[in-house]
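All remarks here apply to the structure that follows.
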Amino acid sequence: MSFAELGLHPLVLKALEAFEYTTATPVQAAAIPPALQGRDILATAETGTGKTAAFMLPSLTRVAELPRLGVAAPRVLVLAPTRELAKQVTDAARKYARFMKLNIVDVVGGMPYRDQLRLLSRPVDVIVATPGRLIDHVSRRRIDLDAVEVLILDEADRMLDMGFLDDVETIAKCCPPTRQTLLFTATLDRRMAGLASNLLRNPERVAVETEATSINVEQRLHHADDLDHKRKMLQHFATQPEVGKAIIFAATKRDADSLAEELADAGHAAAALHGDMDQGKRNRTLQRLRTGQIRLLVATDVAARGIDVRDITHVINFDLPRSAEDYVHRIGRTGRAGASGIAISFAGRADRETLFRIERYTNATLAVHVIPGLEPQRPFHAGGGRPAGRNNSSRHNGPKPWQRNHGDKPAGHQGPRGPRADHARSEHGPARSERPDHGRRDSHGAGKPPARAKAW
DNA sequence: AAAAAAC
């Protein structure tokens, strides 16, 4: 389906032509026509499917075609969960509005009020905001939402996860009830259905078949003995020529910082990205990744969703995410725009259940790989089914990643790592492998805690 | 419990 057939405004089409965008993605083809008719939309779509254009193009068309009602107040409002995402949406909106004279402003936290007020001092047509800062401005009567014609919720499920439900509903109540509402979410559970029924009127349902995992991302698993082992494996990958740009996910902000520093010390172009960094630095870091000044980005889950950098070759889960859903979002940072990507996860024994949930959720078995010379001493297989024994003590073994003692040397020398991974395929072996299935399941013993358990 | 997001 070409954009020209969808009924977009000529100035919008002109911008698309200038960027040589001719073909609409499935979400765009499905969402744009009803949006142009003024229908509310409930869309389930992942990032990377072109959903920003799916809501922005019809909104801009509306702004171009219909005269503003009265006062100089924003006509389109986009809410996004994170500041990075808001910035990306703002940039995209400005591209699409290139031939229109529109003032498009992002309203996010971390930006000095003075600068923001300056941006808001002239009439604004489109606002892209994170909920907190927007509410702040609205309650100070700095922003008036009375003229909003289109309200867009981007990554609505993420906003709910982050506790923005009340904020989102408050903001929606500040918009006229006659507005059009476009809701985009990756998942549709009961909570989301509740929000949708509050905010949408007779919505057109748009569903793009979301593969739980993109088929063009190869998923690999490396068993890790301990933190030190993970670090060595990370250093190994950092030096591999086939690893171009990579995002490395850590469990905590501190881990992200220390791993980035470690990589930088080893001479790699690496930097951290997490929510404790000031916004300017976050933006600059992401930009440096885009331009290639940085090759390795060590991030918390702030970067798990929505971040769109084209040429990420690898995602490395230094620590597994807490939920299987987060896993899918993380690995979706690679293999974008039709490219292929590789997702590498490090997992210790304590991660068996998480791993099991991930494999069940993605309906895939992560292929076990081994780095020659860095073989794990104690491989295992995904647990969580029904481990033998009375209580599920495996959950309580060892500290969680965020309880690590960073000052101390982690459990150090257990002698040289023997080539014990006889059943795991070597790094250069076939991509897929079956899970070894000898009865190692209860090697922890159920009743009593393992003697002097290592962290893993 | 981590992380994210308003000052």
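How things are named: the first chain in the structure tokens is A, the next is B, and so on; residues count from 1 in each chain; ligands count from 1 in the order shown.
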
Alpha helix (DSSP H) positions in segment 137-230 of chain A, given as a ChimeraX atom specification: /A:137-139,156-161,165-174,190-199,227-230

Please report as CSV every residue of segment 156-258 of chain A lying within 6 Å of segment 28-45 of chain A, along with the nearest atom pair and their distance in Å (one decimal), using only C-alpha atoms.
```
residue,atom,partner,partner_atom,distance
A:Gln180,CA,A:Asp40,CA,5.6
A:Thr181,CA,A:Asp40,CA,5.0
A:Leu182,CA,A:Ile41,CA,4.7
A:Leu183,CA,A:Leu42,CA,5.0
A:Phe184,CA,A:Ala43,CA,4.8
A:Thr185,CA,A:Thr44,CA,5.0
A:Ala186,CA,A:Ala45,CA,5.1
A:Pro203,CA,A:Asp40,CA,4.5
A:Glu204,CA,A:Ile41,CA,4.8
A:Arg205,CA,A:Leu42,CA,5.0
A:Val206,CA,A:Ala43,CA,4.4
A:Ala207,CA,A:Thr44,CA,5.0
A:Val208,CA,A:Ala45,CA,5.8
```

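The interatomic distance for the pair atom CA of Arg305 of chain A and atom CA of His329 of chain A works out to 5.5 Å.
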
12 Å contact set for DA2 of chain B, only C-alpha atoms (C1' of nucleotides), chain neighbours under 5 positions out, as a list in words: Met162, Ala250, Ala251, Thr252, Lys253, Arg254, Asp255, His274, Gly275, Thr300, Asp301, Val302, Asp319, Leu320, Pro321, Arg322, Ser323, Lys400, Pro401, Trp402 and Gln403 of chain A

Please, which residues of segment 208-296 of chain A, numbered as in this document, come out strand (DSSP E or B) from DSSP, as a tab-separated table (two decimals) with N, CA, C and O atoms, in the first residue's frame?
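And here's out10.tsv as it stands now:
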```tsv
chain	number	residue	atom	x	y	z
A	217	VAL	N	16.05	-12.12	14.66
A	217	VAL	CA	16.99	-12.01	15.77
A	217	VAL	C	17.35	-13.41	16.26
A	217	VAL	O	16.49	-14.17	16.69
A	218	GLU	N	18.62	-13.73	16.17
A	218	GLU	CA	19.08	-15.02	16.65
A	218	GLU	C	19.36	-14.92	18.15
A	218	GLU	O	20.07	-14.02	18.58
A	219	GLN	N	18.78	-15.84	18.90
A	219	GLN	CA	18.91	-15.75	20.36
A	219	GLN	C	19.88	-16.80	20.88
A	219	GLN	O	19.72	-17.98	20.61
A	220	ARG	N	20.85	-16.33	21.62
A	220	ARG	CA	21.87	-17.23	22.16
A	220	ARG	C	21.92	-17.12	23.67
A	220	ARG	O	21.59	-16.08	24.24
A	221	LEU	N	22.38	-18.19	24.27
A	221	LEU	CA	22.50	-18.22	25.72
A	221	LEU	C	23.90	-18.66	26.11
A	221	LEU	O	24.46	-19.59	25.54
A	222	HIS	N	24.46	-17.93	27.05
A	222	HIS	CA	25.76	-18.34	27.62
A	222	HIS	C	25.58	-18.57	29.11
A	222	HIS	O	25.14	-17.67	29.82
A	223	HIS	N	25.90	-19.78	29.56
A	223	HIS	CA	25.86	-20.03	30.99
A	223	HIS	C	27.00	-19.29	31.67
A	223	HIS	O	28.13	-19.28	31.18
A	245	LYS	N	27.72	-2.32	16.52
A	245	LYS	CA	27.15	-1.59	17.65
A	245	LYS	C	26.37	-2.55	18.52
A	245	LYS	O	25.65	-3.41	18.03
A	246	ALA	N	26.52	-2.39	19.83
A	246	ALA	CA	25.82	-3.29	20.73
A	246	ALA	C	25.21	-2.51	21.89
A	246	ALA	O	25.77	-1.50	22.33
A	247	ILE	N	24.05	-2.98	22.34
A	247	ILE	CA	23.50	-2.47	23.60
A	247	ILE	C	23.62	-3.58	24.62
A	247	ILE	O	23.21	-4.71	24.37
A	248	ILE	N	24.24	-3.25	25.73
A	248	ILE	CA	24.45	-4.22	26.80
A	248	ILE	C	23.52	-3.83	27.95
A	248	ILE	O	23.57	-2.69	28.43
A	249	PHE	N	22.65	-4.75	28.34
A	249	PHE	CA	21.69	-4.43	29.39
A	249	PHE	C	22.18	-4.93	30.74
A	249	PHE	O	22.54	-6.09	30.90
A	270	ALA	N	32.78	3.01	24.64
A	270	ALA	CA	31.62	2.57	25.41
A	270	ALA	C	31.11	3.69	26.30
A	270	ALA	O	31.87	4.57	26.72
A	271	ALA	N	29.81	3.66	26.57
A	271	ALA	CA	29.23	4.63	27.50
A	271	ALA	C	28.00	4.03	28.14
A	271	ALA	O	27.44	3.07	27.63
A	272	ALA	N	27.59	4.63	29.25
A	272	ALA	CA	26.41	4.15	29.97
A	272	ALA	C	25.20	5.00	29.61
A	272	ALA	O	25.33	6.15	29.18
A	273	LEU	N	24.02	4.42	29.79
A	273	LEU	CA	22.77	5.18	29.65
A	273	LEU	C	21.79	4.71	30.71
A	273	LEU	O	21.41	3.54	30.72
A	296	LEU	N	29.56	0.69	22.01
A	296	LEU	CA	28.96	-0.15	23.04
A	296	LEU	C	28.19	0.72	24.03
A	296	LEU	O	28.78	1.59	24.67
```

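Relative to atom CA of Phe237 of chain A, atom CA of Asn283 of chain A is found at 25.7 Å.
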
Shell around segment 107-115 of chain A at 7 Å using only C-alpha atoms (C1' of nucleotides), local window under 3 positions removed, as a PyMOL selection string: (chain A and resi 83+118-119+127-130+133-134+278-279) or (chain B and resi 6)

I need the residues from that last selection saved to file as a PDB file, in the first residue's frame (with N, CA, C and O atoms (P, O5', C5', C4', C3', O3' and C1' of nucleotides)), if you can.
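See out03.pdb below for the written result:
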```pdb
ATOM      1  N   ARG A  83      11.495   9.874  28.264  1.00  0.00           N
ATOM      2  CA  ARG A  83      11.944  11.105  27.600  1.00  0.00           C
ATOM      3  C   ARG A  83      12.579  10.803  26.248  1.00  0.00           C
ATOM      4  O   ARG A  83      12.414  11.552  25.288  1.00  0.00           O
ATOM      5  N   ARG A 118      10.188  29.223  27.228  1.00  0.00           N
ATOM      6  CA  ARG A 118      10.514  29.989  26.028  1.00  0.00           C
ATOM      7  C   ARG A 118       9.926  29.287  24.798  1.00  0.00           C
ATOM      8  O   ARG A 118       9.332  29.911  23.924  1.00  0.00           O
ATOM      9  N   LEU A 119      10.067  27.962  24.759  1.00  0.00           N
ATOM     10  CA  LEU A 119       9.506  27.200  23.640  1.00  0.00           C
ATOM     11  C   LEU A 119       7.983  27.316  23.604  1.00  0.00           C
ATOM     12  O   LEU A 119       7.374  27.273  22.535  1.00  0.00           O
ATOM     13  N   ILE A 127       2.263  18.953  20.833  1.00  0.00           N
ATOM     14  CA  ILE A 127       3.083  18.713  22.020  1.00  0.00           C
ATOM     15  C   ILE A 127       3.346  17.219  22.152  1.00  0.00           C
ATOM     16  O   ILE A 127       2.444  16.400  22.006  1.00  0.00           O
ATOM     17  N   VAL A 128       4.601  16.881  22.387  1.00  0.00           N
ATOM     18  CA  VAL A 128       4.959  15.497  22.699  1.00  0.00           C
ATOM     19  C   VAL A 128       5.502  15.525  24.124  1.00  0.00           C
ATOM     20  O   VAL A 128       6.463  16.252  24.402  1.00  0.00           O
ATOM     21  N   ALA A 129       4.885  14.761  25.018  1.00  0.00           N
ATOM     22  CA  ALA A 129       5.217  14.935  26.426  1.00  0.00           C
ATOM     23  C   ALA A 129       5.324  13.621  27.172  1.00  0.00           C
ATOM     24  O   ALA A 129       4.724  12.617  26.791  1.00  0.00           O
ATOM     25  N   THR A 130       6.091  13.644  28.251  1.00  0.00           N
ATOM     26  CA  THR A 130       5.976  12.603  29.264  1.00  0.00           C
ATOM     27  C   THR A 130       4.950  13.116  30.285  1.00  0.00           C
ATOM     28  O   THR A 130       4.842  14.328  30.495  1.00  0.00           O
ATOM     29  N   ARG A 133       5.821  15.886  33.599  1.00  0.00           N
ATOM     30  CA  ARG A 133       6.094  17.288  33.333  1.00  0.00           C
ATOM     31  C   ARG A 133       4.892  17.988  32.712  1.00  0.00           C
ATOM     32  O   ARG A 133       4.631  19.163  32.996  1.00  0.00           O
ATOM     33  N   LEU A 134       4.141  17.258  31.907  1.00  0.00           N
ATOM     34  CA  LEU A 134       2.967  17.881  31.289  1.00  0.00           C
ATOM     35  C   LEU A 134       1.952  18.277  32.361  1.00  0.00           C
ATOM     36  O   LEU A 134       1.422  19.395  32.364  1.00  0.00           O
ATOM     37  N   ASP A 278      21.735  13.170  33.633  1.00  0.00           N
ATOM     38  CA  ASP A 278      20.875  14.295  33.276  1.00  0.00           C
ATOM     39  C   ASP A 278      20.472  14.170  31.807  1.00  0.00           C
ATOM     40  O   ASP A 278      21.135  13.494  31.020  1.00  0.00           O
ATOM     41  N   GLN A 279      19.364  14.815  31.495  1.00  0.00           N
ATOM     42  CA  GLN A 279      18.750  14.569  30.191  1.00  0.00           C
ATOM     43  C   GLN A 279      19.670  14.929  29.040  1.00  0.00           C
ATOM     44  O   GLN A 279      19.722  14.248  28.024  1.00  0.00           O
TER      45      GLN A 279
ATOM     46  P    DA B   6       8.884  13.284  33.314  1.00  0.00           P
ATOM     47  O5'  DA B   6       9.290  13.701  34.782  1.00  0.00           O
ATOM     48  C5'  DA B   6       8.253  14.083  35.687  1.00  0.00           C
ATOM     49  C4'  DA B   6       8.488  15.534  36.070  1.00  0.00           C
ATOM     50  C3'  DA B   6       9.767  15.775  36.888  1.00  0.00           C
ATOM     51  O3'  DA B   6      10.046  17.170  36.836  1.00  0.00           O
ATOM     52  C1'  DA B   6       7.914  16.057  38.274  1.00  0.00           C
TER      53       DA B   6
END
```

Shell around Met100 of chain A at 8 Å using only C-alpha atoms (C1' of nucleotides), local window under 5 positions removed, as a ChimeraX atom specification: /A:11-12,64

With N, CA, C and O atoms retained, write the just-selected residues as a PDB file, in the first residue's frame.
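Resulting contents of selection.pdb:
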```pdb
ATOM      1  N   LEU A  11       0.977  18.192   1.645  1.00  0.00           N
ATOM      2  CA  LEU A  11       2.230  18.635   2.276  1.00  0.00           C
ATOM      3  C   LEU A  11       2.882  17.501   3.072  1.00  0.00           C
ATOM      4  O   LEU A  11       4.108  17.421   3.164  1.00  0.00           O
ATOM      5  N   VAL A  12       2.048  16.637   3.624  1.00  0.00           N
ATOM      6  CA  VAL A  12       2.581  15.477   4.339  1.00  0.00           C
ATOM      7  C   VAL A  12       3.217  14.515   3.335  1.00  0.00           C
ATOM      8  O   VAL A  12       4.329  14.012   3.537  1.00  0.00           O
ATOM      9  N   ALA A  64      -3.532  20.121   9.019  1.00  0.00           N
ATOM     10  CA  ALA A  64      -3.369  20.881   7.781  1.00  0.00           C
ATOM     11  C   ALA A  64      -4.720  21.185   7.141  1.00  0.00           C
ATOM     12  O   ALA A  64      -4.902  22.250   6.538  1.00  0.00           O
TER      13      ALA A  64
END
```

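Across A:Glu359, A:Asp144, A:Asp228, A:Asp276, the tightest approach to DA3 of chain B is made by A:Asp276 when counting only C-alpha atoms (C1' of nucleotides).
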
Neighbour list for segment 86-91 of chain A as a PyMOL selection string, cut-off 12 Å, only C-alpha atoms (C1' of nucleotides), skip fewer than 4 positions in-chain: chain A and resi 47+50-57+76-82+95-98+102-109+111+126-131+133-134+152-155+279-280+282-284+286-287+305-309

Using N, CA and C atoms, can you export the residues from the last selection as a compact mmCIF listing (two decimals), in the first residue's frame?
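Output file out_2.txt is given in full below:
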```txt
# COMPACT_ATOMS: atom_id res chain seq x y z
N THR A 47 7.18 -1.40 18.70
CA THR A 47 7.98 -0.37 18.05
C THR A 47 8.74 -1.02 16.91
N GLY A 50 6.66 1.03 12.58
CA GLY A 50 6.26 2.26 11.90
C GLY A 50 5.06 2.92 12.54
N LYS A 51 4.90 2.70 13.85
CA LYS A 51 3.68 3.23 14.46
C LYS A 51 3.73 4.74 14.67
N THR A 52 4.93 5.30 14.80
CA THR A 52 4.99 6.75 14.95
C THR A 52 4.34 7.45 13.76
N ALA A 53 4.70 7.00 12.58
CA ALA A 53 4.08 7.58 11.38
C ALA A 53 2.60 7.24 11.33
N ALA A 54 2.24 6.06 11.83
CA ALA A 54 0.84 5.64 11.79
C ALA A 54 -0.06 6.63 12.53
N PHE A 55 0.43 7.20 13.64
CA PHE A 55 -0.44 8.18 14.31
C PHE A 55 -0.11 9.62 13.93
N MET A 56 1.15 9.87 13.53
CA MET A 56 1.52 11.25 13.26
C MET A 56 1.02 11.74 11.90
N LEU A 57 1.09 10.90 10.89
CA LEU A 57 0.69 11.35 9.55
C LEU A 57 -0.78 11.76 9.48
N VAL A 76 -2.59 18.79 18.81
CA VAL A 76 -2.23 17.37 18.88
C VAL A 76 -1.37 17.18 20.13
N LEU A 77 -1.71 16.16 20.90
CA LEU A 77 -0.93 15.86 22.10
C LEU A 77 -0.52 14.40 22.08
N VAL A 78 0.78 14.16 22.16
CA VAL A 78 1.29 12.78 22.23
C VAL A 78 1.86 12.56 23.62
N LEU A 79 1.44 11.48 24.26
CA LEU A 79 2.04 11.09 25.54
C LEU A 79 2.92 9.87 25.34
N ALA A 80 4.12 9.91 25.89
CA ALA A 80 5.06 8.80 25.75
C ALA A 80 5.65 8.50 27.12
N PRO A 81 6.05 7.25 27.35
CA PRO A 81 6.53 6.89 28.69
C PRO A 81 7.89 7.46 29.07
N THR A 82 8.82 7.47 28.15
CA THR A 82 10.16 7.95 28.53
C THR A 82 10.54 9.19 27.73
N LYS A 95 10.09 15.94 11.07
CA LYS A 95 10.39 15.50 9.70
C LYS A 95 9.13 15.51 8.84
N TYR A 96 8.09 14.88 9.37
CA TYR A 96 6.87 14.76 8.58
C TYR A 96 6.21 16.12 8.36
N ALA A 97 6.46 17.05 9.26
CA ALA A 97 5.84 18.37 9.16
C ALA A 97 6.78 19.37 8.49
N ARG A 98 7.76 18.84 7.82
CA ARG A 98 8.80 19.69 7.25
C ARG A 98 8.26 20.82 6.38
N LEU A 102 4.55 24.46 11.43
CA LEU A 102 4.01 24.03 12.71
C LEU A 102 5.06 24.16 13.80
N ASN A 103 4.59 24.46 14.97
CA ASN A 103 5.48 24.49 16.12
C ASN A 103 5.27 23.20 16.91
N ILE A 104 6.29 22.37 16.90
CA ILE A 104 6.22 21.07 17.56
C ILE A 104 7.20 21.09 18.73
N VAL A 105 6.69 20.85 19.92
CA VAL A 105 7.50 21.03 21.13
C VAL A 105 7.46 19.76 21.97
N ASP A 106 8.59 19.37 22.49
CA ASP A 106 8.54 18.28 23.46
C ASP A 106 8.60 18.84 24.88
N VAL A 107 7.78 18.27 25.73
CA VAL A 107 7.64 18.73 27.10
C VAL A 107 7.99 17.55 27.99
N VAL A 108 9.22 17.50 28.43
CA VAL A 108 9.65 16.37 29.26
C VAL A 108 10.41 16.88 30.46
N GLY A 109 10.52 16.02 31.45
CA GLY A 109 11.27 16.39 32.63
C GLY A 109 12.74 16.53 32.32
N MET A 111 14.31 19.07 31.69
CA MET A 111 14.63 20.26 30.88
C MET A 111 14.38 21.49 31.75
N VAL A 126 1.75 21.12 18.17
CA VAL A 126 1.86 19.72 18.58
C VAL A 126 2.74 19.65 19.83
N ILE A 127 2.26 18.95 20.83
CA ILE A 127 3.08 18.71 22.02
C ILE A 127 3.35 17.22 22.15
N VAL A 128 4.60 16.88 22.39
CA VAL A 128 4.96 15.50 22.70
C VAL A 128 5.50 15.53 24.12
N ALA A 129 4.88 14.76 25.02
CA ALA A 129 5.22 14.94 26.43
C ALA A 129 5.32 13.62 27.17
N THR A 130 6.09 13.64 28.25
CA THR A 130 5.98 12.60 29.26
C THR A 130 4.95 13.12 30.29
N PRO A 131 4.21 12.22 30.92
CA PRO A 131 3.06 12.66 31.72
C PRO A 131 3.41 13.61 32.87
N ARG A 133 5.82 15.89 33.60
CA ARG A 133 6.09 17.29 33.33
C ARG A 133 4.89 17.99 32.71
N LEU A 134 4.14 17.26 31.91
CA LEU A 134 2.97 17.88 31.29
C LEU A 134 1.95 18.28 32.36
N ILE A 152 -2.89 11.24 21.62
CA ILE A 152 -2.23 9.99 21.24
C ILE A 152 -1.49 9.43 22.44
N LEU A 153 -1.70 8.16 22.72
CA LEU A 153 -0.95 7.48 23.77
C LEU A 153 0.00 6.49 23.10
N ASP A 154 1.28 6.76 23.21
CA ASP A 154 2.27 5.89 22.60
C ASP A 154 2.84 4.97 23.67
N GLU A 155 2.96 3.68 23.36
CA GLU A 155 3.46 2.71 24.34
C GLU A 155 2.66 2.81 25.64
N GLN A 279 19.36 14.82 31.50
CA GLN A 279 18.75 14.57 30.19
C GLN A 279 19.67 14.93 29.04
N GLY A 280 20.42 16.01 29.20
CA GLY A 280 21.32 16.42 28.13
C GLY A 280 22.32 15.32 27.83
N ARG A 282 21.94 12.13 28.49
CA ARG A 282 21.24 11.00 27.89
C ARG A 282 21.07 11.21 26.39
N ASN A 283 20.63 12.39 26.03
CA ASN A 283 20.44 12.68 24.60
C ASN A 283 21.75 12.60 23.84
N ARG A 284 22.77 13.18 24.41
CA ARG A 284 24.06 13.19 23.71
C ARG A 284 24.60 11.77 23.55
N LEU A 286 22.93 8.96 23.34
CA LEU A 286 22.18 8.25 22.32
C LEU A 286 22.60 8.74 20.93
N GLN A 287 22.81 10.03 20.83
CA GLN A 287 23.24 10.60 19.55
C GLN A 287 24.63 10.06 19.17
N ARG A 305 12.84 -0.25 25.57
CA ARG A 305 11.75 -0.08 24.62
C ARG A 305 11.91 1.19 23.81
N GLY A 306 11.49 1.10 22.59
CA GLY A 306 11.33 2.31 21.80
C GLY A 306 12.60 2.86 21.20
N ILE A 307 13.74 2.60 21.82
CA ILE A 307 14.96 3.17 21.29
C ILE A 307 15.18 2.63 19.89
N ASP A 308 15.32 3.53 18.95
CA ASP A 308 15.42 3.11 17.56
C ASP A 308 16.75 3.57 16.96
N VAL A 309 17.71 2.70 17.03
CA VAL A 309 18.99 2.95 16.37
C VAL A 309 19.15 1.84 15.34
```

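Atom pair atom CA of Arg290 of chain A / atom CA of Glu325 of chain A has a distance of 25.3 Å (rounded to one decimal).
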